[in-house]
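The file start-v5.cif contains mmCIF, C-alpha atoms:
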data_start
loop_
_atom_site.label_atom_id
_atom_site.label_comp_id
_atom_site.auth_asym_id
_atom_site.auth_seq_id
_atom_site.Cartn_x
_atom_site.Cartn_y
_atom_site.Cartn_z
CA MET O 1 -5.68 -3.24 3.15
CA LEU O 2 -5.16 -6.11 0.77
CA THR O 3 -4.06 -9.49 1.99
CA SER O 4 -2.97 -12.46 -0.07
CA ARG O 5 -6.40 -14.02 0.52
CA VAL O 6 -8.19 -11.39 -1.55
CA LEU O 7 -8.83 -12.76 -5.02
CA TYR O 8 -9.57 -9.49 -6.78
CA VAL O 9 -6.99 -9.18 -9.54
CA GLN O 10 -6.74 -6.40 -12.05
CA LEU O 11 -3.50 -5.83 -13.93
CA HIS O 12 -2.73 -2.60 -15.72
CA ASN O 13 0.20 -2.26 -18.08
CA ILE O 14 1.95 0.96 -17.14
CA ARG O 15 4.85 2.52 -19.02
CA ILE O 16 7.13 5.03 -17.36
CA ASP O 17 10.23 6.78 -18.60
CA MET O 18 13.38 6.35 -16.50
CA SER O 19 16.66 7.64 -17.92
CA ASN O 20 15.28 7.48 -21.46
CA LYS O 21 14.56 3.76 -21.12
CA ARG O 22 11.00 2.53 -21.55
CA ILE O 23 10.25 0.04 -18.78
CA LYS O 24 6.97 -1.78 -18.31
CA TYR O 25 5.76 -1.97 -14.74
CA TYR O 26 2.64 -3.66 -13.54
CA GLU O 27 0.40 -2.58 -10.73
CA SER O 28 -1.60 -5.39 -9.28
CA ASP O 29 -3.81 -5.92 -6.29
CA SER O 30 -2.23 -9.36 -5.99
CA VAL O 31 1.31 -8.02 -5.92
CA LEU O 32 2.57 -10.59 -3.43
CA GLU O 33 1.23 -13.48 -5.48
CA GLU O 34 2.76 -11.99 -8.63
CA PHE O 35 6.13 -11.58 -6.93
CA TYR O 36 6.23 -15.08 -5.44
CA LYS O 37 5.09 -16.64 -8.71
CA ALA O 38 7.92 -14.86 -10.52
CA LEU O 39 10.34 -16.13 -7.86
CA ALA O 40 9.06 -19.69 -8.20
CA ASP O 41 9.34 -19.48 -11.99
CA LYS O 42 12.84 -17.97 -11.62
CA ASN O 43 11.71 -15.18 -13.93
CA GLU O 44 14.09 -12.32 -13.13
CA LYS O 45 12.58 -10.04 -15.77
CA LYS O 46 9.11 -10.37 -14.25
CA ILE O 47 10.46 -9.86 -10.72
CA ARG O 48 11.95 -6.52 -11.77
CA ARG O 49 8.62 -5.34 -13.20
CA VAL O 50 6.55 -6.01 -10.08
CA HIS O 51 5.95 -2.88 -8.01
CA ILE O 52 5.62 -3.74 -4.31
CA PRO O 53 4.14 -0.89 -2.29
CA ARG O 54 5.52 -0.06 1.15
CA SER O 55 3.96 -2.08 3.96
CA ASP O 56 2.21 1.06 5.24
CA VAL O 57 0.02 1.03 2.13
CA PHE O 58 -1.21 -2.50 2.93
CA TYR O 59 -1.92 -1.64 6.58
CA ILE O 60 -3.69 1.64 5.85
CA ARG O 61 -5.73 0.01 3.09
CA ARG O 62 -6.91 -2.68 5.51
CA ALA O 63 -7.81 -0.06 8.12
CA TYR O 64 -9.73 1.89 5.47
CA TYR O 65 -11.64 -1.27 4.51
CA GLU O 66 -12.50 -2.08 8.12
CA ASP O 67 -13.71 1.48 8.67
CA THR O 68 -15.72 1.88 5.44
CA GLY O 69 -16.42 -1.64 4.19
CA HIS O 70 -15.06 -0.72 0.75
CA TRP O 71 -11.90 -2.04 -0.91
CA VAL O 72 -9.82 0.35 -2.98
CA SER O 73 -6.95 -0.66 -5.23
CA LEU O 74 -3.41 -0.63 -3.90
CA ASP O 75 -2.57 1.97 -6.53
CA ARG O 76 -5.37 4.24 -5.34
CA MET O 77 -4.37 3.91 -1.68
CA GLU O 78 -0.70 4.43 -2.48
CA ARG O 79 -1.47 7.47 -4.62
CA ALA O 80 -3.75 8.97 -1.97
CA MET O 81 -1.09 8.50 0.69
CA TYR O 82 1.46 10.15 -1.60
CA LEU O 83 -0.80 13.11 -2.36
CA GLU O 84 -1.43 13.58 1.36
CA GLY O 85 2.32 13.62 2.06
CA HIS O 86 2.62 10.22 3.76
CA LEU O 87 4.87 8.67 1.08
CA ARG O 88 7.89 9.98 -0.79
CA LYS O 89 7.89 10.27 -4.57
CA GLN O 90 10.45 7.48 -4.88
CA ASP O 91 8.12 5.07 -3.03
CA VAL O 92 5.21 5.43 -5.46
CA LEU O 93 4.61 3.79 -8.82
CA ASP O 94 4.56 6.48 -11.48
CA PRO O 95 4.03 9.37 -9.02
CA ASP O 96 3.56 12.06 -11.68
CA ARG O 97 0.79 10.24 -13.57
CA LYS O 98 -2.62 11.65 -12.71
CA ARG O 99 -5.19 8.92 -12.13
CA ASP O 100 -8.66 9.11 -13.67
CA TRP O 101 -10.28 9.16 -10.19
CA GLU O 102 -8.42 12.34 -9.14
#
This entry written out as structure tokens:
Amino acid sequence: MLTSRVLYVQLHNIRIDMSNKRIKYYESDSVLEEFYKALADKNEKKIRRVHIPRSDVFYIRRAYYEDTGHWVSLDRMERAMYLEGHLRKQDVLDPDRKRDWE
């Protein structure tokens, strides 16, 4: 599980198609920092692009880390939870995109 104290940051520009509109979303391991920075900057456009995973993803990721000693990205944990049936399609960033680790 990732907390705001973890400094590992890796942004990936992701494009998805929703209703024939191209929207850029960003997955980030520092999603909370990205969201609060956008709020502080009053940047509505950036706020809309930040994907915030469900809280379960953060908790399960932390439990996984404590059990294995290895951090995985929020995207990887969210995707794994989705593939195992623990999250709905609407809760996942770009659920139909196959990741290179699959």
Practice task
Starting from the shown file, work through the PyMOL selection byres ((chain O and resi 68-77) around 10) and note down what comes out as a ChimeraX atom specification.
Solution key: /O:1-2,8-10,27-31,51-53,56-58,60-67,78-83,92-94,99,101-102
Handout entry: Two-atom distance - CA of Glu84 in chain O, CA of Arg48 in chain O (Å)
Key =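 Computed distance, CA of Glu84 in chain O to CA of Arg48 in chain O, equals 27.5 Å.
With distances restricted to only C-alpha atoms, O:Val50 is the closest residue to Lys37 in chain O from O:Val50, O:Tyr59, O:Lys89, O:Asp96.
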Rebuild range 55-91 of chain O so that it carries N, CA and C atoms, then output the result as a JSON list (two decimals), keeping the file's coordinate frame.
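Output (rebuild00.json):
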[["chain", "number", "residue", "atom", "x", "y", "z"],
["O", 55, "SER", "N", 4.89, -1.35, 3.09],
["O", 55, "SER", "CA", 3.96, -2.08, 3.96],
["O", 55, "SER", "C", 2.88, -1.16, 4.53],
["O", 56, "ASP", "N", 3.21, 0.11, 4.72],
["O", 56, "ASP", "CA", 2.21, 1.06, 5.24],
["O", 56, "ASP", "C", 0.96, 1.10, 4.37],
["O", 57, "VAL", "N", 1.15, 0.98, 3.07],
["O", 57, "VAL", "CA", 0.02, 1.03, 2.13],
["O", 57, "VAL", "C", -0.93, -0.14, 2.40],
["O", 58, "PHE", "N", -0.39, -1.32, 2.64],
["O", 58, "PHE", "CA", -1.21, -2.50, 2.93],
["O", 58, "PHE", "C", -1.97, -2.32, 4.25],
["O", 59, "TYR", "N", -1.29, -1.82, 5.28],
["O", 59, "TYR", "CA", -1.92, -1.64, 6.58],
["O", 59, "TYR", "C", -3.01, -0.57, 6.55],
["O", 60, "ILE", "N", -2.71, 0.55, 5.93],
["O", 60, "ILE", "CA", -3.69, 1.64, 5.85],
["O", 60, "ILE", "C", -4.89, 1.22, 5.01],
["O", 61, "ARG", "N", -4.63, 0.47, 3.94],
["O", 61, "ARG", "CA", -5.73, 0.01, 3.09],
["O", 61, "ARG", "C", -6.66, -0.90, 3.88],
["O", 62, "ARG", "N", -6.10, -1.77, 4.69],
["O", 62, "ARG", "CA", -6.91, -2.68, 5.51],
["O", 62, "ARG", "C", -7.73, -1.88, 6.53],
["O", 63, "ALA", "N", -7.10, -0.90, 7.15],
["O", 63, "ALA", "CA", -7.81, -0.06, 8.12],
["O", 63, "ALA", "C", -8.95, 0.70, 7.44],
["O", 64, "TYR", "N", -8.68, 1.19, 6.23],
["O", 64, "TYR", "CA", -9.73, 1.89, 5.47],
["O", 64, "TYR", "C", -10.90, 0.95, 5.18],
["O", 65, "TYR", "N", -10.58, -0.28, 4.79],
["O", 65, "TYR", "CA", -11.64, -1.27, 4.51],
["O", 65, "TYR", "C", -12.46, -1.55, 5.76],
["O", 66, "GLU", "N", -11.78, -1.76, 6.88],
["O", 66, "GLU", "CA", -12.50, -2.08, 8.12],
["O", 66, "GLU", "C", -13.36, -0.91, 8.59],
["O", 67, "ASP", "N", -12.95, 0.31, 8.27],
["O", 67, "ASP", "CA", -13.71, 1.48, 8.67],
["O", 67, "ASP", "C", -14.89, 1.75, 7.74],
["O", 68, "THR", "N", -14.69, 1.52, 6.42],
["O", 68, "THR", "CA", -15.72, 1.88, 5.44],
["O", 68, "THR", "C", -16.46, 0.69, 4.84],
["O", 69, "GLY", "N", -15.82, -0.47, 4.84],
["O", 69, "GLY", "CA", -16.42, -1.64, 4.19],
["O", 69, "GLY", "C", -16.17, -1.69, 2.70],
["O", 70, "HIS", "N", -15.34, -0.79, 2.18],
["O", 70, "HIS", "CA", -15.06, -0.72, 0.75],
["O", 70, "HIS", "C", -13.57, -0.95, 0.49],
["O", 71, "TRP", "N", -13.28, -1.83, -0.48],
["O", 71, "TRP", "CA", -11.90, -2.04, -0.91],
["O", 71, "TRP", "C", -11.55, -1.01, -1.97],
["O", 72, "VAL", "N", -10.35, -0.49, -1.91],
["O", 72, "VAL", "CA", -9.82, 0.35, -2.98],
["O", 72, "VAL", "C", -8.54, -0.33, -3.46],
["O", 73, "SER", "N", -8.15, -0.03, -4.68],
["O", 73, "SER", "CA", -6.95, -0.66, -5.23],
["O", 73, "SER", "C", -5.71, -0.20, -4.47],
["O", 74, "LEU", "N", -4.68, -1.02, -4.52],
["O", 74, "LEU", "CA", -3.41, -0.63, -3.90],
["O", 74, "LEU", "C", -2.89, 0.65, -4.53],
["O", 75, "ASP", "N", -3.04, 0.76, -5.84],
["O", 75, "ASP", "CA", -2.57, 1.97, -6.53],
["O", 75, "ASP", "C", -3.30, 3.20, -6.00],
["O", 76, "ARG", "N", -4.60, 3.09, -5.82],
["O", 76, "ARG", "CA", -5.37, 4.24, -5.34],
["O", 76, "ARG", "C", -4.95, 4.62, -3.91],
["O", 77, "MET", "N", -4.77, 3.62, -3.06],
["O", 77, "MET", "CA", -4.37, 3.91, -1.68],
["O", 77, "MET", "C", -2.97, 4.50, -1.65],
["O", 78, "GLU", "N", -2.06, 3.92, -2.43],
["O", 78, "GLU", "CA", -0.70, 4.43, -2.48],
["O", 78, "GLU", "C", -0.68, 5.87, -2.99],
["O", 79, "ARG", "N", -1.42, 6.13, -4.03],
["O", 79, "ARG", "CA", -1.47, 7.47, -4.62],
["O", 79, "ARG", "C", -2.06, 8.47, -3.63],
["O", 80, "ALA", "N", -3.13, 8.08, -2.95],
["O", 80, "ALA", "CA", -3.75, 8.97, -1.97],
["O", 80, "ALA", "C", -2.78, 9.28, -0.84],
["O", 81, "MET", "N", -2.06, 8.29, -0.38],
["O", 81, "MET", "CA", -1.09, 8.50, 0.69],
["O", 81, "MET", "C", 0.03, 9.43, 0.22],
["O", 82, "TYR", "N", 0.43, 9.27, -1.03],
["O", 82, "TYR", "CA", 1.46, 10.15, -1.60],
["O", 82, "TYR", "C", 0.96, 11.59, -1.69],
["O", 83, "LEU", "N", -0.25, 11.77, -2.20],
["O", 83, "LEU", "CA", -0.80, 13.11, -2.36],
["O", 83, "LEU", "C", -1.00, 13.80, -1.01],
["O", 84, "GLU", "N", -1.24, 13.01, 0.03],
["O", 84, "GLU", "CA", -1.43, 13.58, 1.36],
["O", 84, "GLU", "C", -0.10, 13.76, 2.11],
["O", 85, "GLY", "N", 1.01, 13.40, 1.46],
["O", 85, "GLY", "CA", 2.32, 13.62, 2.06],
["O", 85, "GLY", "C", 2.83, 12.50, 2.96],
["O", 86, "HIS", "N", 2.20, 11.33, 2.91],
["O", 86, "HIS", "CA", 2.62, 10.22, 3.76],
["O", 86, "HIS", "C", 3.65, 9.31, 3.10],
["O", 87, "LEU", "N", 3.86, 9.45, 1.81],
["O", 87, "LEU", "CA", 4.87, 8.67, 1.08],
["O", 87, "LEU", "C", 5.73, 9.61, 0.26],
["O", 88, "ARG", "N", 6.98, 9.20, 0.05],
["O", 88, "ARG", "CA", 7.89, 9.98, -0.79],
["O", 88, "ARG", "C", 7.68, 9.59, -2.26],
["O", 89, "LYS", "N", 8.04, 10.49, -3.13],
["O", 89, "LYS", "CA", 7.89, 10.27, -4.57],
["O", 89, "LYS", "C", 8.55, 8.97, -5.02],
["O", 90, "GLN", "N", 9.72, 8.67, -4.48],
["O", 90, "GLN", "CA", 10.45, 7.48, -4.88],
["O", 90, "GLN", "C", 9.78, 6.18, -4.43],
["O", 91, "ASP", "N", 8.80, 6.26, -3.53],
["O", 91, "ASP", "CA", 8.12, 5.07, -3.03],
["O", 91, "ASP", "C", 6.85, 4.73, -3.81]]
